[in-house]
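Visitor: Pasting run.cif here (mmCIF, C-alpha atoms and all ligand atoms):
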data_coords
loop_
_atom_site.label_atom_id
_atom_site.label_comp_id
_atom_site.auth_asym_id
_atom_site.auth_seq_id
_atom_site.Cartn_x
_atom_site.Cartn_y
_atom_site.Cartn_z
CA MET A 26 11.34 48.48 219.17
CA SER A 27 13.84 45.65 219.07
CA TYR A 28 14.32 43.61 215.93
CA LYS A 29 16.49 40.67 216.95
CA GLY A 30 16.52 37.85 214.47
CA HIS A 31 18.51 34.67 213.84
CA GLY A 32 21.56 34.31 216.05
CA GLY A 33 20.33 37.25 218.12
CA LYS A 34 21.47 39.58 215.34
CA GLU A 35 19.81 42.89 214.49
CA ILE A 36 17.58 42.51 211.40
CA VAL A 37 19.46 43.61 208.28
CA GLU A 38 17.78 46.27 206.16
CA ASN A 39 19.81 47.45 203.19
CA VAL A 40 17.27 49.58 201.38
CA LEU A 41 18.00 53.00 199.89
CA GLU A 42 15.21 55.52 199.72
CA LYS A 43 14.35 56.74 196.26
CA GLU A 44 16.28 60.02 196.01
CA LYS A 45 19.48 58.55 197.44
CA ALA A 46 19.08 55.49 195.25
CA LYS A 47 18.76 57.59 192.08
CA GLU A 48 22.01 59.30 192.90
CA ALA A 49 23.85 56.12 193.90
CA ILE A 50 23.11 54.17 190.73
CA GLN A 51 24.20 56.80 188.21
CA GLY A 52 26.67 55.36 185.75
CA LEU A 53 26.94 51.89 187.32
CA THR A 54 27.46 48.88 185.09
CA GLN A 55 24.08 47.22 184.64
CA ILE A 56 23.76 43.47 184.98
CA PRO A 57 20.39 41.85 184.31
CA VAL A 58 19.69 39.01 186.76
CA ARG A 59 17.37 36.02 186.54
CA ARG A 60 14.27 35.58 188.68
CA GLN A 61 15.91 33.52 191.44
CA ILE A 62 18.67 36.07 191.96
CA ALA A 63 16.22 39.00 191.85
CA HIS A 64 14.07 37.35 194.52
CA GLU A 65 17.13 36.63 196.66
CA CYS A 66 18.29 40.25 196.35
CA ILE A 67 14.91 41.36 197.69
CA SER A 68 14.99 38.82 200.53
CA LEU A 69 18.59 39.68 201.43
CA SER A 70 17.98 43.44 201.41
CA TYR A 71 14.95 43.30 203.68
CA GLY A 72 16.72 40.98 206.13
CA PHE A 73 14.87 37.70 205.57
CA PHE A 74 18.34 36.11 205.55
CA THR A 75 19.79 38.03 208.53
CA PRO A 76 22.68 38.09 209.41
CA LEU A 77 23.65 37.89 205.72
CA GLN A 78 24.31 41.31 204.18
CA GLY A 79 24.57 39.91 200.69
CA PHE A 80 25.73 36.93 198.66
CA MET A 81 28.14 34.70 200.55
CA GLY A 82 31.90 34.57 200.18
CA TYR A 83 34.13 31.50 200.07
CA ASN A 84 34.72 31.19 203.81
CA ASP A 85 31.03 31.34 204.65
CA VAL A 86 30.10 28.86 201.93
CA ASP A 87 32.84 26.51 203.06
CA ALA A 88 31.71 26.70 206.69
CA VAL A 89 28.09 26.18 205.63
CA CYS A 90 29.03 23.05 203.71
CA LYS A 91 31.39 21.58 206.27
CA ASP A 92 29.97 22.71 209.63
CA MET A 93 26.48 24.03 208.80
CA THR A 94 27.49 27.44 210.18
CA LEU A 95 28.71 30.76 208.85
CA GLU A 96 32.39 31.56 209.33
CA ASP A 97 31.51 33.29 212.63
CA GLY A 98 29.79 30.16 214.00
CA THR A 99 26.17 31.21 213.46
CA VAL A 100 24.12 28.21 212.35
CA TRP A 101 23.44 28.40 208.60
CA SER A 102 22.55 25.48 206.37
CA ILE A 103 22.15 26.58 202.74
CA PRO A 104 24.59 28.61 200.61
CA ILE A 105 23.12 31.87 199.27
CA VAL A 106 25.33 32.59 196.28
CA PHE A 107 25.49 34.64 193.12
CA ASP A 108 27.06 32.91 190.14
CA MET A 109 28.54 34.19 186.92
CA SER A 110 30.49 32.68 184.04
CA ASP A 111 34.00 33.82 183.14
CA ASP A 112 32.61 35.08 179.84
CA GLU A 113 30.11 37.32 181.59
CA ILE A 114 32.72 38.59 184.01
CA LYS A 115 34.84 39.54 180.99
CA LYS A 116 31.89 40.97 179.12
CA TYR A 117 30.92 43.27 181.98
CA ASP A 118 34.58 43.95 182.77
CA ILE A 119 34.05 43.59 186.52
CA LYS A 120 36.46 42.86 189.34
CA GLU A 121 36.63 42.72 193.11
CA GLY A 122 36.01 46.18 194.57
CA ASP A 123 33.53 47.21 191.87
CA THR A 124 29.92 48.16 192.53
CA VAL A 125 27.40 47.16 189.90
CA LEU A 126 23.67 47.59 189.38
CA PHE A 127 21.46 44.52 189.14
CA THR A 128 18.46 45.02 186.90
CA TYR A 129 15.35 42.90 186.61
CA MET A 130 12.40 43.20 184.25
CA ASP A 131 14.28 46.09 182.57
CA ALA A 132 14.37 48.18 185.74
CA PRO A 133 17.04 48.81 188.39
CA LEU A 134 16.72 46.51 191.39
CA ALA A 135 19.79 46.45 193.64
CA MET A 136 23.38 47.57 194.00
CA PHE A 137 25.94 44.84 194.44
CA GLU A 138 29.35 45.60 195.97
CA ILE A 139 31.69 42.91 194.70
CA GLU A 140 33.98 41.90 197.53
CA GLU A 141 35.18 38.58 196.24
CA ILE A 142 35.20 36.45 193.10
CA TYR A 143 35.87 32.76 193.75
CA GLU A 144 35.32 29.18 192.72
CA TYR A 145 33.77 26.42 194.78
CA ASP A 146 33.45 22.69 194.14
CA LYS A 147 29.78 22.29 193.21
CA LYS A 148 29.74 18.55 193.67
CA PHE A 149 31.08 18.91 197.20
CA MET A 150 28.48 21.61 197.88
CA ALA A 151 25.68 19.34 196.64
CA GLU A 152 26.89 16.38 198.68
CA LYS A 153 27.10 18.42 201.90
CA VAL A 154 23.87 20.38 201.53
CA TYR A 155 21.64 17.73 199.96
CA GLY A 156 23.34 14.54 201.09
CA THR A 157 23.45 13.34 197.48
CA THR A 158 25.15 14.17 194.21
CA GLU A 159 22.30 12.83 192.06
CA GLU A 160 21.22 15.35 189.50
CA LYS A 161 17.60 14.27 189.66
CA HIS A 162 17.40 15.93 193.09
CA PRO A 163 16.08 19.42 192.21
CA GLY A 164 18.43 21.16 194.66
CA VAL A 165 21.45 19.32 193.31
CA LYS A 166 20.37 20.16 189.77
CA ARG A 167 20.15 23.82 190.72
CA THR A 168 23.63 23.63 192.28
CA TYR A 169 25.15 22.06 189.15
CA GLU A 170 23.51 24.73 187.00
CA TYR A 171 25.39 27.52 188.75
CA ALA A 172 28.01 29.12 186.52
CA ASP A 173 31.66 28.47 187.37
CA LYS A 174 32.40 31.57 189.43
CA PHE A 175 30.72 32.93 192.52
CA LEU A 176 30.65 36.62 193.39
CA ALA A 177 30.22 37.72 196.98
CA GLY A 178 29.24 41.04 198.47
CA LYS A 179 26.68 43.32 200.00
CA VAL A 180 23.34 43.80 198.28
CA THR A 181 21.33 47.02 198.67
CA LEU A 182 17.86 47.44 197.26
CA VAL A 183 17.52 50.63 195.20
CA ASN A 184 14.02 50.11 193.86
CA GLU A 185 11.45 48.62 196.20
CA PRO A 186 9.14 46.14 194.48
CA LYS A 187 5.48 47.12 194.24
CA PHE A 188 3.58 43.93 194.89
CA ASN A 189 0.47 43.27 192.85
CA GLU A 190 -2.71 41.80 194.32
CA PRO A 191 -3.28 39.36 195.82
CA TYR A 192 0.39 39.43 196.93
CA ALA A 193 0.25 43.01 198.18
CA SER A 194 -2.25 42.04 200.90
CA PHE A 195 0.16 39.45 202.28
CA TRP A 196 3.51 41.17 201.87
CA LYS A 197 5.43 42.17 204.97
CA THR A 198 9.13 42.87 205.41
CA PRO A 199 10.77 41.15 208.40
CA LYS A 200 10.56 44.34 210.47
CA GLN A 201 6.90 44.71 209.54
CA HIS A 202 6.32 41.16 210.81
CA PHE A 203 7.78 42.14 214.20
CA GLU A 204 5.56 45.23 214.23
CA ALA A 205 2.42 43.31 213.24
CA PHE A 206 2.99 40.76 216.02
CA LYS A 207 3.42 43.55 218.55
CA GLU A 208 0.22 45.17 217.40
CA LYS A 209 -1.57 41.83 217.78
CA GLY A 210 -0.15 41.48 221.29
CA TRP A 211 1.44 38.16 220.37
CA GLU A 212 4.24 37.12 222.69
CA HIS A 213 4.68 33.75 221.03
CA VAL A 214 4.32 33.15 217.32
CA VAL A 215 4.54 29.72 215.75
CA ALA A 216 5.49 29.60 212.08
CA HIS A 217 3.88 27.29 209.57
CA GLN A 218 5.90 26.67 206.42
CA THR A 219 3.77 25.99 203.39
CA ARG A 220 3.46 25.90 199.64
CA ASN A 221 0.12 24.16 199.76
CA VAL A 222 -3.56 24.78 199.89
CA PRO A 223 -4.56 23.72 203.43
CA HIS A 224 -6.44 20.49 204.06
CA THR A 225 -7.74 19.66 207.53
CA GLY A 226 -4.50 17.83 208.32
CA HIS A 227 -2.60 21.12 207.91
CA GLU A 228 -5.23 22.89 209.97
CA TRP A 229 -4.83 20.35 212.76
CA LEU A 230 -1.04 20.76 212.58
CA MET A 231 -1.35 24.50 213.06
CA LYS A 232 -3.80 24.17 215.93
CA TYR A 233 -1.72 21.54 217.69
CA ALA A 234 1.37 23.70 217.23
CA TRP A 235 -0.49 26.70 218.61
CA PHE A 236 -1.02 24.82 221.89
CA ALA A 237 2.62 23.79 221.96
CA ALA A 238 3.71 27.38 221.37
CA ASN A 239 1.30 28.71 223.97
CA GLU A 240 3.56 27.12 226.62
CA ASP A 241 3.67 29.28 229.74
CA LEU A 242 1.06 31.71 228.48
CA THR A 243 -2.60 31.19 229.20
CA VAL A 244 -5.19 30.19 226.70
CA ASP A 245 -7.70 32.91 227.46
CA THR A 246 -5.37 35.83 226.83
CA LEU A 247 -4.60 34.81 223.24
CA LYS A 248 -1.05 36.01 223.20
CA THR A 249 0.02 33.28 220.84
CA GLY A 250 -0.42 33.45 217.09
CA VAL A 251 0.09 31.23 214.07
CA LEU A 252 2.04 32.77 211.21
CA VAL A 253 1.35 30.98 207.94
CA ASN A 254 4.40 32.01 205.92
CA CYS A 255 3.92 30.80 202.36
CA ILE A 256 6.88 30.18 200.10
CA ILE A 257 6.48 32.02 196.82
CA GLY A 258 9.12 31.14 194.28
CA GLU A 259 10.00 28.77 191.49
CA LYS A 260 6.92 26.94 190.26
CA ARG A 261 6.81 23.52 188.72
CA LYS A 262 3.99 22.12 186.66
CA GLY A 263 1.36 20.59 188.94
CA ASP A 264 2.15 22.83 191.95
CA TYR A 265 -0.74 24.87 193.33
CA ILE A 266 -0.71 28.35 191.80
CA ASP A 267 0.65 30.98 194.20
CA GLU A 268 -2.58 32.96 194.35
CA ALA A 269 -4.55 29.88 195.46
CA ILE A 270 -2.02 29.10 198.20
CA LEU A 271 -2.23 32.57 199.74
CA LEU A 272 -5.97 33.06 199.42
CA ALA A 273 -6.92 29.53 200.51
CA GLN A 274 -4.67 29.73 203.58
CA ASN A 275 -6.20 33.09 204.40
CA MET A 276 -9.70 31.66 203.97
CA LEU A 277 -9.20 29.44 207.05
CA ARG A 278 -9.34 32.61 209.12
CA VAL A 279 -11.89 34.48 207.00
CA ALA A 280 -14.26 31.51 207.27
CA GLY A 281 -13.73 31.31 211.03
CA TYR A 282 -11.66 28.14 211.42
CA PHE A 283 -9.15 30.42 213.11
CA ARG A 284 -10.09 33.48 215.08
CA GLU A 285 -9.02 36.84 213.71
CA ASP A 286 -6.61 37.35 216.61
CA VAL A 287 -4.59 34.12 216.35
CA HIS A 288 -3.80 33.73 212.65
CA MET A 289 -1.94 35.66 209.96
CA VAL A 290 -0.83 34.83 206.42
CA THR A 291 2.29 36.30 204.79
CA PHE A 292 4.89 35.08 202.32
CA THR A 293 8.60 34.89 201.65
CA LEU A 294 10.21 34.97 198.23
CA TRP A 295 12.30 31.82 198.12
CA ASP A 296 12.94 28.98 195.71
CA MET A 297 12.56 25.73 197.59
CA ARG A 298 15.78 23.72 197.55
CA TYR A 299 14.12 20.53 198.87
CA ALA A 300 17.12 20.07 201.12
CA GLY A 301 14.98 18.27 203.73
CA PRO A 302 16.74 18.50 207.13
CA ARG A 303 19.05 21.32 206.04
CA GLU A 304 16.14 23.26 204.61
CA ALA A 305 14.32 22.78 207.93
CA VAL A 306 17.24 24.49 209.68
CA PHE A 307 17.16 27.25 207.08
CA HIS A 308 13.44 27.74 207.74
CA ALA A 309 14.22 28.12 211.45
CA ALA A 310 16.59 31.02 210.67
CA LEU A 311 14.16 32.55 208.18
CA ARG A 312 11.22 32.57 210.61
CA ALA A 313 13.35 33.79 213.51
CA ASN A 314 14.01 36.76 211.25
CA LEU A 315 10.28 37.37 211.06
CA GLY A 316 10.02 37.52 214.84
CA CYS A 317 8.59 34.02 215.31
CA THR A 318 9.39 32.21 218.56
CA HIS A 319 8.39 28.71 217.43
CA HIS A 320 8.40 26.75 214.20
CA MET A 321 6.37 23.65 213.48
CA TYR A 322 7.85 20.67 211.70
CA GLY A 323 5.74 17.78 210.47
CA ARG A 324 6.79 14.66 208.64
CA ASP A 325 9.34 14.85 205.80
CA HIS A 326 9.82 18.61 206.09
CA ALA A 327 10.96 20.17 202.79
CA GLY A 328 11.94 16.78 201.42
CA VAL A 329 11.68 15.38 197.93
CA GLY A 330 11.41 11.80 196.68
CA ASP A 331 12.86 9.41 199.24
CA TYR A 332 16.14 11.23 199.86
CA TYR A 333 15.42 11.86 203.53
CA GLY A 334 13.90 9.83 206.33
CA THR A 335 10.45 10.86 207.57
CA TYR A 336 11.81 12.54 210.70
CA ASP A 337 15.41 13.36 209.66
CA ALA A 338 14.60 17.06 209.89
CA HIS A 339 13.54 16.61 213.52
CA TYR A 340 16.83 14.88 214.37
CA LEU A 341 18.99 17.54 212.74
CA LEU A 342 17.03 20.34 214.39
CA LYS A 343 17.40 18.64 217.77
CA SER A 344 21.16 18.54 217.31
CA VAL A 345 21.38 22.33 216.86
CA LYS A 346 18.35 23.54 218.81
CA ASP A 347 20.42 25.31 221.46
CA LYS A 348 21.98 27.46 218.75
CA LEU A 349 18.70 28.43 217.12
CA SER A 350 16.73 31.55 217.95
CA ILE A 351 13.46 29.74 217.52
CA LYS A 352 11.99 26.69 219.21
CA PRO A 353 11.08 23.77 216.95
CA VAL A 354 7.70 22.13 217.56
CA PHE A 355 7.80 18.55 216.32
CA ILE A 356 4.60 16.97 215.10
CA LEU A 357 4.08 13.38 214.06
CA GLU A 358 2.15 12.27 211.02
CA ASN A 359 -1.58 12.89 211.15
CA TRP A 360 -4.58 11.51 209.30
CA TYR A 361 -8.35 11.46 209.26
CA CYS A 362 -9.79 8.50 211.18
CA PRO A 363 -13.48 7.61 210.71
CA VAL A 364 -13.50 5.64 213.98
CA CYS A 365 -12.08 8.52 216.02
CA ALA A 366 -14.28 10.71 213.77
CA GLU A 367 -11.59 13.37 213.66
CA VAL A 368 -8.22 14.36 212.37
CA THR A 369 -5.78 12.66 214.67
CA SER A 370 -2.16 11.63 214.86
CA SER A 371 0.07 8.61 214.87
CA ALA A 372 0.73 9.58 218.49
CA PHE A 373 -2.87 8.72 219.42
CA CYS A 374 -4.93 6.76 216.93
CA ALA A 375 -4.49 2.99 216.85
CA HIS A 376 -7.02 2.33 214.09
CA THR A 377 -4.35 1.38 211.64
CA LYS A 378 -6.80 -0.35 209.30
CA GLU A 379 -9.34 2.45 209.16
CA LYS A 380 -7.08 5.50 209.12
CA GLN A 381 -7.23 7.63 205.97
CA LYS A 382 -3.93 9.30 205.23
CA PHE A 383 -4.00 12.77 203.72
CA SER A 384 -2.84 12.26 200.23
CA GLY A 385 -1.95 15.36 198.25
CA THR A 386 -2.44 13.30 195.13
CA LEU A 387 -5.94 12.23 196.16
CA ILE A 388 -7.03 15.76 197.09
CA ARG A 389 -5.54 16.96 193.84
CA SER A 390 -7.50 14.46 191.78
CA ILE A 391 -10.72 15.41 193.58
CA ILE A 392 -10.08 19.08 192.84
CA ILE A 393 -9.29 18.32 189.21
CA ASP A 394 -12.67 16.60 188.94
CA GLY A 395 -14.27 19.70 190.43
CA VAL A 396 -16.00 17.63 193.08
CA LYS A 397 -16.21 19.20 196.51
CA PRO A 398 -14.37 16.87 198.94
CA THR A 399 -15.86 16.12 202.33
CA ARG A 400 -15.47 19.02 204.75
CA LEU A 401 -13.62 16.67 207.07
CA VAL A 402 -10.74 16.69 204.59
CA LEU A 403 -11.02 20.04 202.84
CA ARG A 404 -13.08 22.95 204.12
CA PRO A 405 -15.76 23.95 201.57
CA GLU A 406 -14.72 27.62 201.74
CA VAL A 407 -11.15 26.58 200.96
CA PHE A 408 -12.33 24.50 198.02
CA ASP A 409 -14.43 27.41 196.68
CA THR A 410 -11.47 29.77 197.00
CA VAL A 411 -9.22 27.37 195.11
CA MET A 412 -11.77 27.11 192.29
CA GLU A 413 -12.22 30.90 192.15
CA CYS A 414 -8.45 31.31 191.93
CA ALA A 415 -8.35 28.80 189.10
CA GLU A 416 -10.72 31.01 187.10
CA LYS A 417 -9.24 34.33 188.09
CA TYR A 418 -5.51 33.59 188.02
CA GLY A 419 -4.89 30.07 186.77
CA PHE A 420 -6.41 30.05 183.28
CA GLY A 421 -9.00 27.57 184.54
CA SER A 422 -6.65 25.42 186.62
CA PRO A 423 -5.66 25.72 190.30
CA PHE A 424 -2.43 23.96 189.34
CA VAL A 425 0.53 25.37 187.48
CA THR A 426 0.30 24.81 183.72
CA ASP A 427 2.58 25.88 180.86
CA LYS A 428 0.24 28.80 180.28
CA TYR A 429 0.53 29.89 183.90
CA LEU A 430 4.32 29.67 183.73
CA THR A 431 4.47 32.00 180.74
CA ASP A 432 1.44 34.26 181.19
CA ARG A 433 0.82 34.54 184.93
CA GLN A 434 0.35 37.95 186.47
CA PRO A 435 3.66 39.25 187.77
CA ILE A 436 4.10 39.05 191.55
CA PHE A 437 5.49 42.58 191.66
CA THR A 438 6.46 45.41 189.36
CA LEU A 439 9.51 47.65 189.43
CA GLU A 440 9.20 51.29 188.48
CA PRO A 441 11.59 52.54 185.80
CA MET A 442 14.43 54.77 187.06
CA ASP A 443 16.93 56.99 185.33
CA VAL A 444 20.33 55.34 185.60
CA GLY A 445 22.46 57.77 183.58
CA LYS A 446 25.18 56.59 181.25
CA ALA A 447 27.50 53.70 182.10
ZN ZN B 501 -8.70 6.39 215.10
#
Would you put the structure from the file into structure tokens?
Guide:
Amino acid sequence: MSYKGHGGKEIVENVLEKEKAKEAIQGLTQIPVRRQIAHECISLSYGFFTPLQGFMGYNDVDAVCKDMTLEDGTVWSIPIVFDMSDDEIKKYDIKEGDTVLFTYMDAPLAMFEIEEIYEYDKKFMAEKVYGTTEEKHPGVKRTYEYADKFLAGKVTLVNEPKFNEPYASFWKTPKQHFEAFKEKGWEHVVAHQTRNVPHTGHEWLMKYAWFAANEDLTVDTLKTGVLVNCIIGEKRKGDYIDEAILLAQNMLRVAGYFREDVHMVTFTLWDMRYAGPREAVFHAALRANLGCTHHMYGRDHAGVGDYYGTYDAHYLLKSVKDKLSIKPVFILENWYCPVCAEVTSSAFCAHTKEKQKFSGTLIRSIIIDGVKPTRLVLRPEVFDTVMECAEKYGFGSPFVTDKYLTDRQPIFTLEPMDVGKA
């Protein structure tokens, strides 16, 4: 079976099996890493970020910032870096050429072979990646918060995460995505990027994109699928809780709005950077690495505030589409129109006075009130799932609260391992 991902590159898989891992980590210097880095180690090791083998070096970061490519010319839009302060570097007594052990939640996670220690101008990085240097942009803020040194090198997973439910049901490595699509008989797969509970506007987007992705295939053979790939990562207060996102998306198929053989829900561990157009390009690489052939892009993809124009992501994608391994499907804004009596799009509906835009804020306030919205906007099964998740996982709320941030069920656990003496 062939696993060709972004840039036509073989999917990376740097994962040591248990016995070998136990041996390899004996005596290594242990460095505890924060959640973002732990998640990125997992994503890197399984090949979600193919062709990256690990955290990026200076030349790659510089090419990403200046040309939106890696040093070798492969399109890449967001730096994937590991940062450390001089004090920590001194404390751990590490240098280029060393191999260290990253730990997370008090257990070994990954080996890191330090190839390079360097500095990079964070303001320049922010300007190039986010198009702004304003700290109130969450991606810029994250960039400024990096410590002063970056460490580059290969990352190898030594302790595979054991995902807890409901995550376990939706977890697939990139190679397992390829295998699942083959099993389904899907020749074309269109990716849907989400961190939301689906309203009927999202459902329409996925269905419209399915037709676009069906292209030269025929409708009755069902060789095209929709992959709903949820982003699971940093949560902010007011976001939907992760469990509700996964289970509500899945409910669209369970409740029959999508047939069993055209729809699948999985997730990727990734902290949204809200880089708008550049994040859209990153998503194209990410989903190519899952074996998707198409990727849908609606209005203001991965944007925040008013930093990016409604269709800036479409324009940037168009400019690099020949160098991508996935075909973008561009979709205009949609809404519910009572005159058309359906979810429709700015491409069709001229009832500008009557149209009812999908407002996340409105749907949110309805859910907070516990009132079931009309099925034309939110499917009742989806609503019920969201409310069940609120009780089961969200301490009574389907939205992230302080309590959820501190007491939520862990996404995965890591088994303890004997690491010997450093
Ligand atoms: Zn209309």
Visitor: Can I get the residues close to ligand ZN 501 (chain B) as a PDB file with C-alpha atoms, in the frame of the given file, where close means within 9 Å and we count all atoms listed in the file?
Guide:
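Written output follows (selection-v4.pdb):
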ATOM      1  CA  TRP A 360      -4.580  11.510 209.300  1.00  0.00           C
ATOM      2  CA  TYR A 361      -8.350  11.460 209.260  1.00  0.00           C
ATOM      3  CA  CYS A 362      -9.790   8.500 211.180  1.00  0.00           C
ATOM      4  CA  PRO A 363     -13.480   7.610 210.710  1.00  0.00           C
ATOM      5  CA  VAL A 364     -13.500   5.640 213.980  1.00  0.00           C
ATOM      6  CA  CYS A 365     -12.080   8.520 216.020  1.00  0.00           C
ATOM      7  CA  ALA A 366     -14.280  10.710 213.770  1.00  0.00           C
ATOM      8  CA  GLU A 367     -11.590  13.370 213.660  1.00  0.00           C
ATOM      9  CA  VAL A 368      -8.220  14.360 212.370  1.00  0.00           C
ATOM     10  CA  THR A 369      -5.780  12.660 214.670  1.00  0.00           C
ATOM     11  CA  SER A 370      -2.160  11.630 214.860  1.00  0.00           C
ATOM     12  CA  PHE A 373      -2.870   8.720 219.420  1.00  0.00           C
ATOM     13  CA  CYS A 374      -4.930   6.760 216.930  1.00  0.00           C
ATOM     14  CA  ALA A 375      -4.490   2.990 216.850  1.00  0.00           C
ATOM     15  CA  HIS A 376      -7.020   2.330 214.090  1.00  0.00           C
ATOM     16  CA  THR A 377      -4.350   1.380 211.640  1.00  0.00           C
ATOM     17  CA  GLU A 379      -9.340   2.450 209.160  1.00  0.00           C
ATOM     18  CA  LYS A 380      -7.080   5.500 209.120  1.00  0.00           C
TER      19      LYS A 380
END
Visitor: Return the single residue from A:Ala132, A:Thr54, A:Arg303, A:Asp118 that is closest to Thr94 (chain A), with distances computed using all atoms listed in the file.
Guide: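 Answer, going by the shortest atom-to-atom distance: A:Arg303.
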Visitor: Check the smallest atom-to-atom distance from each of A:Val287, A:Arg59, A:Ile119, A:Gly178 to Val106 (chain A) using all atoms listed in the file, then report the winner.
Guide: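 Closest candidate: A:Gly178.
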Visitor: From the options A:Phe195, A:Val100, A:Thr168, A:Gly226, which residue's atoms come nearest to Lys346 (chain A), counting all atoms listed in the file?
Guide: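 Ranking A:Phe195, A:Val100, A:Thr168, A:Gly226 by distance to Lys346 (chain A), first place goes to A:Val100.
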Visitor: Between A:Tyr155, A:Phe80, A:Tyr192, A:Tyr265, single out the one closest to Gly301 (chain A), counting all atoms listed in the file.
Guide: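 Residue with the minimum atom-to-atom distance to Gly301 (chain A): A:Tyr155.
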Visitor: Is it possible to produce a file of region 220-269 of chain A from this structure, with C-alpha atoms, as an mmCIF file, in the first residue's frame?
Guide:
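Written output follows (out_18.cif):
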data_model
loop_
_atom_site.group_PDB
_atom_site.id
_atom_site.type_symbol
_atom_site.label_atom_id
_atom_site.label_comp_id
_atom_site.auth_asym_id
_atom_site.auth_seq_id
_atom_site.Cartn_x
_atom_site.Cartn_y
_atom_site.Cartn_z
ATOM 1 C CA ARG A 220 -13.600 22.853 15.694
ATOM 2 C CA ASN A 221 -17.341 23.299 15.832
ATOM 3 C CA VAL A 222 -20.540 21.484 16.489
ATOM 4 C CA PRO A 223 -22.193 21.238 13.045
ATOM 5 C CA HIS A 224 -25.171 23.400 12.129
ATOM 6 C CA THR A 225 -27.011 22.849 8.850
ATOM 7 C CA GLY A 226 -24.744 25.389 7.141
ATOM 8 C CA HIS A 227 -21.752 23.124 7.853
ATOM 9 C CA GLU A 228 -23.753 20.125 6.697
ATOM 10 C CA TRP A 229 -24.568 21.874 3.431
ATOM 11 C CA LEU A 230 -20.896 22.795 3.006
ATOM 12 C CA MET A 231 -19.866 19.167 3.353
ATOM 13 C CA LYS A 232 -22.541 17.942 0.964
ATOM 14 C CA TYR A 233 -21.735 20.577 -1.636
ATOM 15 C CA ALA A 234 -18.041 19.745 -1.318
ATOM 16 C CA TRP A 235 -18.814 16.059 -1.713
ATOM 17 C CA PHE A 236 -20.302 16.775 -5.152
ATOM 18 C CA ALA A 237 -17.314 18.896 -6.080
ATOM 19 C CA ALA A 238 -14.939 16.139 -4.986
ATOM 20 C CA ASN A 239 -16.943 13.477 -6.794
ATOM 21 C CA GLU A 240 -15.684 15.004 -10.063
ATOM 22 C CA ASP A 241 -15.100 12.293 -12.653
ATOM 23 C CA LEU A 242 -16.519 9.530 -10.488
ATOM 24 C CA THR A 243 -20.171 8.619 -10.631
ATOM 25 C CA VAL A 244 -22.691 9.302 -7.955
ATOM 26 C CA ASP A 245 -24.102 5.808 -7.694
ATOM 27 C CA THR A 246 -20.823 4.076 -6.921
ATOM 28 C CA LEU A 247 -20.128 6.163 -3.809
ATOM 29 C CA LYS A 248 -16.394 6.249 -4.164
ATOM 30 C CA THR A 249 -16.174 9.682 -2.628
ATOM 31 C CA GLY A 250 -16.148 10.321 1.098
ATOM 32 C CA VAL A 251 -16.188 13.265 3.467
ATOM 33 C CA LEU A 252 -13.553 13.228 6.180
ATOM 34 C CA VAL A 253 -14.517 15.446 9.097
ATOM 35 C CA ASN A 254 -11.123 16.023 10.700
ATOM 36 C CA CYS A 255 -11.657 17.864 13.976
ATOM 37 C CA ILE A 256 -8.922 19.971 15.492
ATOM 38 C CA ILE A 257 -8.302 18.983 19.091
ATOM 39 C CA GLY A 258 -5.932 21.298 20.888
ATOM 40 C CA GLU A 259 -5.704 24.438 22.944
ATOM 41 C CA LYS A 260 -9.103 25.402 24.318
ATOM 42 C CA ARG A 261 -10.296 28.858 25.134
ATOM 43 C CA LYS A 262 -13.218 29.719 27.343
ATOM 44 C CA GLY A 263 -16.431 29.669 25.308
ATOM 45 C CA ASP A 264 -15.182 27.142 22.716
ATOM 46 C CA TYR A 265 -17.252 23.990 22.319
ATOM 47 C CA ILE A 266 -15.816 21.208 24.485
ATOM 48 C CA ASP A 267 -13.832 18.663 22.457
ATOM 49 C CA GLU A 268 -16.128 15.758 23.286
ATOM 50 C CA ALA A 269 -19.173 17.637 21.952
#
